[in-house]
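Q: File upload_19.cif below, mmCIF, C-alpha atoms:
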data_final
loop_
_atom_site.group_PDB
_atom_site.id
_atom_site.type_symbol
_atom_site.label_atom_id
_atom_site.label_comp_id
_atom_site.auth_asym_id
_atom_site.auth_seq_id
_atom_site.Cartn_x
_atom_site.Cartn_y
_atom_site.Cartn_z
ATOM 1 C CA MET A 1 62.819 -36.762 -31.682
ATOM 2 C CA ILE A 2 65.111 -36.986 -28.654
ATOM 3 C CA LEU A 3 64.798 -39.302 -25.669
ATOM 4 C CA VAL A 4 65.120 -37.035 -22.633
ATOM 5 C CA ASP A 5 66.389 -38.677 -19.460
ATOM 6 C CA SER A 6 64.898 -37.904 -16.066
ATOM 7 C CA SER A 7 68.100 -36.022 -15.133
ATOM 8 C CA ILE A 8 67.207 -33.380 -17.745
ATOM 9 C CA CYS A 9 63.481 -33.370 -16.922
ATOM 10 C CA VAL A 10 64.162 -32.850 -13.211
ATOM 11 C CA ALA A 11 66.653 -30.062 -13.934
ATOM 12 C CA PHE A 12 64.090 -28.401 -16.194
ATOM 13 C CA LEU A 13 61.297 -28.644 -13.624
ATOM 14 C CA ARG A 14 63.613 -27.294 -10.900
ATOM 15 C CA LYS A 15 64.801 -24.519 -13.233
ATOM 16 C CA ASP A 16 68.392 -25.792 -12.979
ATOM 17 C CA LEU A 17 69.107 -25.960 -16.721
ATOM 18 C CA SER A 18 71.138 -23.333 -18.522
ATOM 19 C CA GLU A 19 69.202 -20.777 -20.552
ATOM 20 C CA GLU A 20 70.268 -22.548 -23.762
ATOM 21 C CA SER A 21 69.172 -25.965 -22.487
ATOM 22 C CA THR A 22 65.884 -24.574 -21.191
ATOM 23 C CA HIS A 23 65.217 -23.116 -24.633
ATOM 24 C CA ARG A 24 66.100 -26.451 -26.284
ATOM 25 C CA PHE A 25 63.812 -28.349 -23.896
ATOM 26 C CA SER A 26 60.947 -25.938 -24.596
ATOM 27 C CA GLU A 27 61.468 -26.281 -28.353
ATOM 28 C CA LEU A 28 61.316 -30.070 -28.102
ATOM 29 C CA VAL A 29 58.000 -29.803 -26.254
ATOM 30 C CA LEU A 30 56.543 -27.299 -28.717
ATOM 31 C CA GLU A 31 57.635 -29.380 -31.720
ATOM 32 C CA ASN A 32 56.331 -32.624 -30.131
ATOM 33 C CA GLU A 33 59.852 -34.046 -30.320
ATOM 34 C CA LEU A 34 60.447 -34.706 -26.609
ATOM 35 C CA ALA A 35 60.352 -38.438 -25.980
ATOM 36 C CA THR A 36 60.259 -40.417 -22.746
ATOM 37 C CA ASN A 37 59.638 -44.064 -21.984
ATOM 38 C CA VAL A 38 58.117 -46.049 -19.132
ATOM 39 C CA VAL A 39 61.449 -46.285 -17.303
ATOM 40 C CA ILE A 40 61.945 -42.508 -17.346
ATOM 41 C CA TRP A 41 58.284 -42.063 -16.427
ATOM 42 C CA ALA A 42 58.737 -44.339 -13.385
ATOM 43 C CA GLU A 43 61.910 -42.521 -12.288
ATOM 44 C CA LEU A 44 60.174 -39.152 -12.511
ATOM 45 C CA TYR A 45 56.991 -40.325 -10.807
ATOM 46 C CA GLY A 46 58.979 -41.844 -7.952
ATOM 47 C CA GLY A 47 60.439 -38.443 -7.133
ATOM 48 C CA VAL A 48 57.175 -36.479 -7.143
ATOM 49 C CA ARG A 49 56.575 -34.677 -3.856
ATOM 50 C CA GLY A 50 53.265 -32.938 -3.363
ATOM 51 C CA GLN A 51 50.409 -31.794 -5.560
ATOM 52 C CA ARG A 52 52.323 -29.034 -7.400
ATOM 53 C CA GLU A 53 55.042 -31.446 -8.529
ATOM 54 C CA ASP A 54 52.450 -34.056 -9.466
ATOM 55 C CA THR A 55 50.669 -31.504 -11.669
ATOM 56 C CA GLU A 56 53.956 -30.497 -13.318
ATOM 57 C CA PHE A 57 54.802 -34.166 -13.864
ATOM 58 C CA GLN A 58 51.410 -34.911 -15.414
ATOM 59 C CA ASN A 59 51.736 -31.884 -17.711
ATOM 60 C CA LEU A 60 55.213 -32.953 -18.810
ATOM 61 C CA ILE A 61 54.090 -36.497 -19.605
ATOM 62 C CA ALA A 62 51.059 -35.183 -21.502
ATOM 63 C CA LEU A 63 53.391 -33.100 -23.679
ATOM 64 C CA SER A 64 55.832 -35.964 -24.298
ATOM 65 C CA ARG A 65 55.893 -38.814 -26.748
ATOM 66 C CA VAL A 66 56.019 -41.937 -24.565
ATOM 67 C CA LEU A 67 57.912 -44.634 -26.455
ATOM 68 C CA GLN A 68 56.882 -48.242 -26.002
ATOM 69 C CA PHE A 69 59.424 -50.526 -24.380
ATOM 70 C CA THR A 70 59.375 -53.363 -26.883
ATOM 71 C CA GLU A 71 60.719 -56.901 -26.842
ATOM 72 C CA ASP A 72 63.664 -55.636 -28.891
ATOM 73 C CA CYS A 73 64.337 -53.042 -26.187
ATOM 74 C CA TRP A 74 64.542 -55.881 -23.647
ATOM 75 C CA ARG A 75 66.932 -57.831 -25.890
ATOM 76 C CA LEU A 76 69.139 -54.769 -26.296
ATOM 77 C CA THR A 77 69.001 -54.200 -22.535
ATOM 78 C CA ALA A 78 70.340 -57.709 -21.965
ATOM 79 C CA GLU A 79 73.096 -57.259 -24.560
ATOM 80 C CA ILE A 80 74.193 -53.873 -23.232
ATOM 81 C CA ASN A 81 74.078 -55.160 -19.654
ATOM 82 C CA ARG A 82 76.270 -58.145 -20.565
ATOM 83 C CA THR A 83 78.767 -55.872 -22.317
ATOM 84 C CA CYS A 84 78.915 -53.551 -19.307
ATOM 85 C CA VAL A 85 79.358 -56.432 -16.863
ATOM 86 C CA ARG A 86 82.144 -57.963 -18.968
ATOM 87 C CA LYS A 87 83.942 -54.612 -19.126
ATOM 88 C CA GLY A 88 83.524 -53.959 -15.392
ATOM 89 C CA VAL A 89 81.094 -51.064 -15.845
ATOM 90 C CA ASN A 90 78.661 -50.972 -12.929
ATOM 91 C CA VAL A 91 75.621 -48.829 -13.739
ATOM 92 C CA PRO A 92 71.931 -49.033 -12.807
ATOM 93 C CA LEU A 93 69.848 -51.372 -14.942
ATOM 94 C CA SER A 94 67.320 -48.567 -15.443
ATOM 95 C CA ASP A 95 69.984 -46.512 -17.233
ATOM 96 C CA ILE A 96 70.821 -49.497 -19.428
ATOM 97 C CA GLN A 97 67.115 -49.818 -20.259
ATOM 98 C CA ILE A 98 66.946 -46.157 -21.238
ATOM 99 C CA GLN A 99 70.067 -46.471 -23.406
ATOM 100 C CA ALA A 100 68.618 -49.596 -25.060
ATOM 101 C CA CYS A 101 65.403 -47.742 -25.870
ATOM 102 C CA ALA A 102 67.329 -44.901 -27.530
ATOM 103 C CA LYS A 103 69.323 -47.445 -29.521
ATOM 104 C CA HIS A 104 66.184 -49.344 -30.565
ATOM 105 C CA TYR A 105 64.443 -46.186 -31.804
ATOM 106 C CA GLN A 106 67.724 -44.867 -33.258
ATOM 107 C CA ILE A 107 67.393 -41.511 -31.538
ATOM 108 C CA ASP A 108 69.695 -39.374 -29.437
ATOM 109 C CA LEU A 109 69.588 -39.528 -25.663
ATOM 110 C CA TRP A 110 69.868 -36.212 -23.803
ATOM 111 C CA HIS A 111 71.096 -36.614 -20.242
ATOM 112 C CA GLN A 112 73.145 -35.169 -17.388
ATOM 113 C CA ASP A 113 74.143 -38.514 -15.920
ATOM 114 C CA ARG A 114 77.680 -39.916 -15.986
ATOM 115 C CA HIS A 115 76.271 -43.470 -16.102
ATOM 116 C CA PHE A 116 75.267 -42.980 -19.743
ATOM 117 C CA ASP A 117 78.784 -41.845 -20.613
ATOM 118 C CA LEU A 118 80.115 -45.036 -19.006
ATOM 119 C CA ILE A 119 77.614 -47.175 -20.930
ATOM 120 C CA GLN A 120 78.531 -45.525 -24.221
ATOM 121 C CA GLU A 121 82.251 -46.006 -23.505
ATOM 122 C CA ALA A 122 81.643 -49.698 -22.784
ATOM 123 C CA LEU A 123 79.784 -50.090 -26.088
ATOM 124 C CA ARG A 124 82.669 -48.739 -28.140
ATOM 125 C CA PRO A 125 84.617 -51.478 -29.968
#
What does this structure look like when you write it as structure tokens?

A:
Amino acid sequence: MILVDSSICVAFLRKDLSEESTHRFSELVLENELATNVVIWAELYGGVRGQREDTEFQNLIALSRVLQFTEDCWRLTAEINRTCVRKGVNVPLSDIQIQACAKHYQIDLWHQDRHFDLIQEALRP
């Protein structure tokens, strides 16, 4: 299972992924291994424009495994946020929440967003 950030989902829906990444995305869907969470869901839903995009969004969510954002996810969010603040890394809290969810479920996070690279750098000892 892989947590797929909205940056990848949007690129897929807009047909902006490479052929290899499109194939990987499709395989994750077919194997029921594509995971999202409520934060990613909210980011995607906020960008929906029109009925066609809403239908595509609903189909994508229906084919995804939506992970619960648990109390442990919130604790990890706070810890990661504190680490980032102390190291001078300024990233959106929503990206920290997504990273915390991946850490909680011990799964990889697939993204095209530099913020996650910054978070992961800040978390290195």

Q: Which is closer to Cys101 (chain A) than all the others in A:Glu33, A:Asp54, A:Glu43, A:Asp72, using all atoms listed in the file?

A: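 For Cys101 (chain A), the nearest of the given residues is A:Asp72.
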
Q: Enumerate, as a list in words, the residues matched when the PyMOL selection byres ((chain A and resi 35-38) around 9) is run on the file above.

A: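 Listing what the PyMOL selection byres ((chain A and resi 35-38) around 9) selects in the shown file: Met1, Ile2, Leu3, Val4, Asp5, Ser6, Leu28, Val29, Asn32, Glu33, Leu34, Val39, Ile40, Trp41, Ala42, Glu43, Ile61, Ser64, Arg65, Val66, Leu67, Gln68, Phe69, Ile98 and Cys101 of chain A.
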
Q: Edge lengths and centre in Å to one decimal, as AutoDock Vina command-line options, is what I'm after for the box along x, y and z that holds all listed atoms of region 56-68 of chain A once 8 Å is added on each side.

A:
--center_x 54.5 --center_y -39.4 --center_z -20.0 --size_x 22.9 --size_y 33.7 --size_z 29.4

Q: Counting all atoms listed in the file, I want the residues whose atoms come within 12 Å of (68.8, -29.9, -22.7) in the file frame, returned as a ChimeraX atom specification.

A: /A:2-13,15-29,34,108-112

Q: Using the chain letters and residue numbers of this document, give as a tab-separated table (two decimals) with C-alpha atoms, in the frame of the given file the residues selected by the PyMOL selection byres ((chain A and resi 79) around 12).

A:
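The resulting file, selection_2.tsv, is shown below:
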chain	number	residue	atom	x	y	z
A	72	ASP	CA	63.66	-55.64	-28.89
A	73	CYS	CA	64.34	-53.04	-26.19
A	74	TRP	CA	64.54	-55.88	-23.65
A	75	ARG	CA	66.93	-57.83	-25.89
A	76	LEU	CA	69.14	-54.77	-26.30
A	77	THR	CA	69.00	-54.20	-22.54
A	78	ALA	CA	70.34	-57.71	-21.96
A	80	ILE	CA	74.19	-53.87	-23.23
A	81	ASN	CA	74.08	-55.16	-19.65
A	82	ARG	CA	76.27	-58.14	-20.56
A	83	THR	CA	78.77	-55.87	-22.32
A	84	CYS	CA	78.92	-53.55	-19.31
A	85	VAL	CA	79.36	-56.43	-16.86
A	86	ARG	CA	82.14	-57.96	-18.97
A	93	LEU	CA	69.85	-51.37	-14.94
A	96	ILE	CA	70.82	-49.50	-19.43
A	97	GLN	CA	67.11	-49.82	-20.26
A	99	GLN	CA	70.07	-46.47	-23.41
A	100	ALA	CA	68.62	-49.60	-25.06
A	103	LYS	CA	69.32	-47.44	-29.52
A	119	ILE	CA	77.61	-47.18	-20.93
A	122	ALA	CA	81.64	-49.70	-22.78
A	123	LEU	CA	79.78	-50.09	-26.09

Q: Report, in Å to a single decimal, how far apart CA of Gln120 (chain A) and CA of Val91 (chain A) are.

A: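 Atom-to-atom, CA of Val91 (chain A) to CA of Gln120 (chain A), that is 11.4 Å.
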
Q: What gap, in Å, lies between CA of Pro92 (chain A) and CA of Gln58 (chain A)?

A: 25.0 Å

Q: So how far away is CA of Arg114 (chain A) from CA of Glu71 (chain A), in Å?

A: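 These two atoms are separated by 26.3 Å.
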
Q: Measuring between all atoms listed in the file, which one of A:Thr70, A:Glu121, A:Glu56, A:Val89 shows the shortest distance to His104 (chain A)?

A: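 Of all the options, A:Thr70 lies closest to His104 (chain A).
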